[in-house]
Amino acid sequence: MPSPDLAANSNLSSTLRENRVFAPPEEFAAKAHIRDLAEYDALYQRSIEDPEGFWAEAAGELDWFTPWTKVLDWNEPWAKWFVGGRLNLCYNCVDRHALGGKKDKTAILWEGEPGEVRRLTFGELHEQVQRFANVLLGLGIRKGDRVAIYMGMTPELAVAVLACARIGAVHSVIFGGFAANAIVDRVNDAECIAVITQDVSYRRGGEVRLKATVDEALKHCPTVKHVVVYKRSDAAVEMKSGRDQWWHELMAAAGAECPAEPLDSEDPLYILYTSGTTGKPKGLVHTTGGYAVQTYLTSKYIFDLRDQDVYWCTADIGWVTGHSYVIYGILQNGITTLMYEGAPNYPDPGRFWKIIEEHKVSVFYTAPTAIRAFIKWGDEYPAAHNLDSLRLLGTVGEPINPEAWMWYREVIGKGRCPIVDTWWQTETGAIMLAPIPGAVAAKPGSATKPFFGIVPEIVNKDGGPVPAGQGGLLVIRKPWPSMARTIYGDADRYVKQYWTEVPGSYFTGDGARMDEDGCYWLMGRVDDVINVSGHRLGTMEVESALVAHPKVAEAAVVGRPDAMKGQAIAAFVTIESGHEPSKDLKDELRAWVAKEIGALARPDDIRFTDSLPKTRSGKIMRRLLRELATHGEIKGDTTTLEDFSVIARLREQDE
Ligand code: WTA
């Protein structure tokens with residue numbers, strides 16, 4: 001059991017003194033789905049007293065081919081939701097609206113980094129997903145087969161995802177910023193038979209050569225038979241005959257009609273890899289029915305969606321936020337979802353505000369790390385644009401410091417827009433904690449209250465209750481519809497990782513405290529997962545990449561607080577004899593990690609050392625390294641340290 005090492009998150013200490021409360025703006029509350037605290041409390045109470053009745057009612061708002069016979073079958077930790085029910089998530093995102101009066105409404109509003117704008121109506125999206133579903137079927141892809149998707153933020157990425165869902169193929173989206181090796185691990189783990197990619201994507205004015213990276217990866221992926229390449233540009237790419245085909249050619253030849261397959265509620269929808277406490281990312285498996293219902297309902301209530309909204313979540317579809325809140329939850333509600341291809345500061349730091357102004361974005365959902373960057377870039381950029389269309393703001397991915405929250409509220413929301421700080425995880429599939437904006441007062445730095453049907457608790461290392469106001473481990477007591485069902489190919493790891501630490505509960509890996517009002521304050525991870533600019537990384541992943549370098553003997557990686565990124569990556573490295581520490585070697589190692597995993601994993605600090613602090617049983621004492629990386633000194637208990645001189649030497653080498 002990891003101990004809640006909350007001191008490591010000292011950049012959040014300001015939340016301990018935070019006591020501002022912002023009631024929902026009256027004008028907002030008057031029109032909201034849920035209008036006051038009493039209504040929230042009553043519905044929350046009902047949802048936990050009769051969760052099956054509550055979730056069945058929510059599920060009834062979607063289209064089912066066959067109704068379920070039982071809402072929940074719970075045999076801890078194995079959950080089945082909406083047992084026996086048949087539905088199709090693509091149908092609920094697309095057909096239901098295309099055929100239900102929204103044929104000409106914009107479903108996807110896309111802006112490329114160079115500036116092109118495309119609008120796909122629900123009717124057009126309907127046509128595209130049917131054709132692409134036929135393309136997949138034509139390649140021999142069937143229900144249950146795994147398809148990797150490695151693309152930039154283009155409408156075709158959403159089409160590919162939805163087409164997989166339409167035929168029951170299991171998509172595994174791999175973030176376009178990952179390097180070839182990361183693709184290899186993910187594609188091989190899931191034994192994908194096809195990869196959907198594109199020639200290039202644009203970021204900060206440059207080309208991201210996605211197809212070339214796929215080519216490099218596929219030298220080591222024996223299961224992949226087909227590659228479909230969407231042509232985004234005129235960039236030349238190599239096409240391997242017999243394996244690679246162009247998206248547009250296949251689409252032109254494909255039939256226009258492909259009915260949505262009635263899938264079982266528990267048929268897998270997707271696999272999404274995320275970092276854990278080992279060197280190997282784990283493939284969380286999400287299934288169809290429960291995930292559909294909870295992403296639908298959380299979108300509706302937390303973003304308080306209205307038919308005329310233009311909703312923009314800035315997350316990449318390569319992360320869970322993009323799955324649940326760029327595509328599935330939003331389109332199920334029949335809302336226009338905006339996708340932007342590129343960087344927030346291209347061609348200048350006003351790009352996001354320009355997009356909001358031009359497309360009249362009404363709901364905006366982004367990460368605290370982005371907000372901190374906007375603050376740094378200066379208020380003149382948002383000030384130069386009309387942001388009056390905004391009515392609700394959201395954050396996700398990491399704890400937000402109260403200063404950034406206040407800036408977001410005042411400078412972007414002009415004090416008018418409620419802010420929803422949403423806490424959740426790849427594993428939870430959907431938002432678990434967030435203020436319902438018309439009902440629950442917001443507090444800067446707190447994700448406030450549980451969503452309906454969710455039962456969180458703060459416990460100590462032994463699973464016992466922790467009084468209000470004190471830090472502990474965040475667990476979830478009851479199953480919820482969108483929970484991941486397992487880790488692909490490793491059910492034991494799923495049980496061990498999430499359901500063994502605190503018996504009878506789902507273990508989140510996050511530290512948190514609850515205040516007297518029942519609001520939750522997240523305090524960061526208590527395990528070896530770090531959160532760098534809202535991107536989740538395992539310290540062991542970075543370590544394995546480092547030790548794969550021929551000059552590295554041993555490496556230990558920890559997170560340290562960083563004012564911009566939330567956490568920065570600090571690496572302690574011992575080098576093989578015959579090599580000397582140098583600035584060049586540091587640069588070489590940084591570049592190496594970026595090439596092995598992706599630029600997001602590039603270490604911020606590298607310190608060379610001739611040994612690492614270990615316990616007598618040989619375990620690296622990361623706590624000491626975290627302290628050293630954070631404060632430059634060690635105050636904590638060192639009694640289990642095997643060789644005390646290591647600490648002295650580490651300090652000496654700390655230039
Ligand atoms: C962190 C992203 C504080 C947390 C949806 C969690 C947050 C991890 C918040 C999951 C928030 C996410 N406040 N911390 N509002 N949202 N986190 O799987 O540590 O990429 O465990 O899912 O991000 O990251 P993941």
# chains A, B, ... in the order shown; residues from 1 in each chain; ligands from 1

$ residues_around --residues "region 547-556 of chain A" --least-positions-apart "6" --cutoff "9 Å" --atoms "only C-alpha atoms" --output "JSON, numbers by chain"
{"A": [539, 540, 570, 571, 572, 573, 574, 575, 576, 577, 578, 579, 585, 589, 592, 593, 611, 612, 620, 622, 625]}

$ select_by_dssp --residues "region 401-626 of chain A" --states "alpha helix (DSSP H)" --output "MDAnalysis selection string"
chainID A and resid 402:407 491:499 539:547 583:596 622:626

$ residues_around --residues "region 287-291 of chain A" --least-positions-apart "5" --cutoff "8 Å" --atoms "only C-alpha atoms" --output "ChimeraX atom specification"
/A:81-82,85-89,263-270,429-430,480-485

$ write_last_selection --atoms "C-alpha atoms" --output "PDB file, in the first residue's frame"
ATOM      1  CA  TRP A  81     -24.249  -3.168 -16.376  1.00  0.00           C
ATOM      2  CA  PHE A  82     -27.514  -3.305 -18.336  1.00  0.00           C
ATOM      3  CA  GLY A  85     -29.351  -5.086 -23.323  1.00  0.00           C
ATOM      4  CA  ARG A  86     -28.350  -4.391 -26.915  1.00  0.00           C
ATOM      5  CA  LEU A  87     -27.400  -0.994 -28.272  1.00  0.00           C
ATOM      6  CA  ASN A  88     -24.869   0.717 -30.487  1.00  0.00           C
ATOM      7  CA  LEU A  89     -22.924   3.728 -29.327  1.00  0.00           C
ATOM      8  CA  LEU A 263     -24.042  -4.946 -29.543  1.00  0.00           C
ATOM      9  CA  ASP A 264     -24.302  -6.427 -26.113  1.00  0.00           C
ATOM     10  CA  SER A 265     -23.997  -3.908 -23.275  1.00  0.00           C
ATOM     11  CA  GLU A 266     -20.825  -5.652 -22.189  1.00  0.00           C
ATOM     12  CA  ASP A 267     -19.228  -5.954 -25.630  1.00  0.00           C
ATOM     13  CA  PRO A 268     -15.874  -4.132 -25.483  1.00  0.00           C
ATOM     14  CA  LEU A 269     -15.917  -0.659 -27.017  1.00  0.00           C
ATOM     15  CA  TYR A 270     -12.292   0.320 -26.689  1.00  0.00           C
ATOM     16  CA  GLY A 429     -14.433   6.351 -17.998  1.00  0.00           C
ATOM     17  CA  ALA A 430     -16.473   9.377 -17.012  1.00  0.00           C
ATOM     18  CA  TRP A 480     -20.509   2.756 -11.483  1.00  0.00           C
ATOM     19  CA  PRO A 481     -21.609   2.183 -15.087  1.00  0.00           C
ATOM     20  CA  SER A 482     -18.584   3.552 -16.970  1.00  0.00           C
ATOM     21  CA  MET A 483     -15.924   1.828 -14.857  1.00  0.00           C
ATOM     22  CA  ALA A 484     -13.205   0.011 -16.806  1.00  0.00           C
ATOM     23  CA  ARG A 485     -13.988  -3.690 -16.744  1.00  0.00           C
TER      24      ARG A 485
END

$ residues_near_ligand --ligand "ligand 1" --cutoff "8 Å" --atoms "only C-alpha atoms and all ligand atoms" --output "JSON, numbers by chain"
{"A": [274, 275, 319, 320, 321, 395, 396, 397, 398, 399, 400, 421, 422, 423, 424, 425, 426, 427, 430, 431, 433, 434, 445, 446, 447, 508, 509, 510, 521, 522, 523, 524, 525, 530, 531, 534, 535, 536]}

$ residues_around --residues "Ile419 (chain A)" --least-positions-apart "2" --cutoff "8 Å" --atoms "only C-alpha atoms" --output "VMD selection string"
chain A and resid 392 to 395 409 417 421 437 442

$ select_by_dssp --residues "region 215-290 of chain A" --states "strand (DSSP E)" --output "list of chain:residue names"
A:His226, A:Val227, A:Val228, A:Val229, A:Tyr230, A:Asp244, A:Gln245, A:Trp246, A:Leu263, A:Asp264, A:Pro268, A:Leu269, A:Tyr270, A:Ile271, A:Leu272, A:Tyr273, A:Thr274, A:Lys282, A:Gly283, A:Leu284, A:Val285, A:His286, A:Thr287

$ atom_distance --atom1 "CA of Cys164 (chain A)" --atom2 "CA of Ser233 (chain A)"
24.3 Å

$ residues_around --residues "region 219-227 of chain A" --least-positions-apart "5" --cutoff "12 Å" --atoms "only C-alpha atoms" --output "MDAnalysis selection string"
chainID A and resid 135:141 145:151 180:199 211:214 238:247 250

$ residues_around --residues "Arg416 (chain A)" --least-positions-apart "6" --cutoff "9 Å" --atoms "only C-alpha atoms" --output "JSON, numbers by chain"
{"A": [25, 27, 28, 390, 391, 392, 409, 410]}

$ write_last_selection --atoms "C-alpha atoms" --output "JSON list (two decimals), in the first residue's frame"
[["chain", "number", "residue", "atom", "x", "y", "z"],
["A", 25, "PRO", "CA", -24.59, 32.68, -10.96],
["A", 27, "GLU", "CA", -28.90, 33.76, -14.31],
["A", 28, "PHE", "CA", -27.15, 30.50, -15.07],
["A", 390, "LEU", "CA", -18.86, 31.55, -23.25],
["A", 391, "ARG", "CA", -21.30, 30.45, -20.56],
["A", 392, "LEU", "CA", -19.50, 27.58, -18.82],
["A", 409, "ARG", "CA", -12.87, 32.84, -13.71],
["A", 410, "GLU", "CA", -12.07, 36.55, -14.02]]

$ residues_around --residues "Leu43 (chain A)" --least-positions-apart "4" --cutoff "8 Å" --atoms "only C-alpha atoms" --output "compact mmCIF listing (two decimals) with all heavy atoms, in the first residue's frame"
# COMPACT_ATOMS: atom_id res chain seq x y z
N GLU A 39 -32.03 20.45 -5.03
CA GLU A 39 -32.34 19.53 -6.12
C GLU A 39 -31.19 18.54 -6.34
O GLU A 39 -31.41 17.34 -6.53
CB GLU A 39 -32.61 20.34 -7.39
CG GLU A 39 -33.41 19.58 -8.42
CD GLU A 39 -33.68 20.40 -9.69
OE1 GLU A 39 -33.71 21.66 -9.60
OE2 GLU A 39 -33.82 19.80 -10.76
N SER A 47 -29.98 8.67 -6.04
CA SER A 47 -29.07 7.89 -6.89
C SER A 47 -28.26 6.89 -6.08
O SER A 47 -27.83 5.87 -6.61
CB SER A 47 -28.15 8.82 -7.67
OG SER A 47 -27.14 9.36 -6.81
N PHE A 452 -23.90 11.96 -9.52
CA PHE A 452 -24.96 11.05 -9.08
C PHE A 452 -24.49 9.60 -9.15
O PHE A 452 -23.84 9.19 -10.11
CB PHE A 452 -26.22 11.26 -9.94
CG PHE A 452 -26.66 12.70 -9.95
CD1 PHE A 452 -26.70 13.43 -11.12
CD2 PHE A 452 -26.98 13.33 -8.75
CE1 PHE A 452 -27.07 14.77 -11.11
CE2 PHE A 452 -27.35 14.67 -8.73
CZ PHE A 452 -27.39 15.39 -9.91

$ closest_residue --among "A:Ile597, A:Trp405, A:Gly438, A:Ala591" --to "Arg20 (chain A)" --atoms "only C-alpha atoms"
A:Trp405

$ closest_residue --among "A:Glu111, A:Glu116, A:Glu457, A:Glu380" --to "Trp312 (chain A)" --atoms "only C-alpha atoms"
A:Glu111

$ atom_distance --atom1 "CA of Trp64 (chain A)" --atom2 "CA of Cys258 (chain A)"
17.6 Å

$ closest_residue --among "A:Lys595, A:Arg166, A:His126, A:His385" --to "Ala545 (chain A)" --atoms "only C-alpha atoms"
A:Lys595

$ closest_residue --among "A:Glu261, A:Glu403, A:Asp388, A:Asp604" --to "Ile371 (chain A)" --atoms "only C-alpha atoms"
A:Glu403

$ atom_distance --atom1 "CA of His631 (chain A)" --atom2 "CA of Ile606 (chain A)"
15.4 Å

$ closest_residue --among "A:Trp499, A:Phe22, A:Tyr202, A:Tyr506" --to "Tyr346 (chain A)" --atoms "only C-alpha atoms"
A:Tyr202
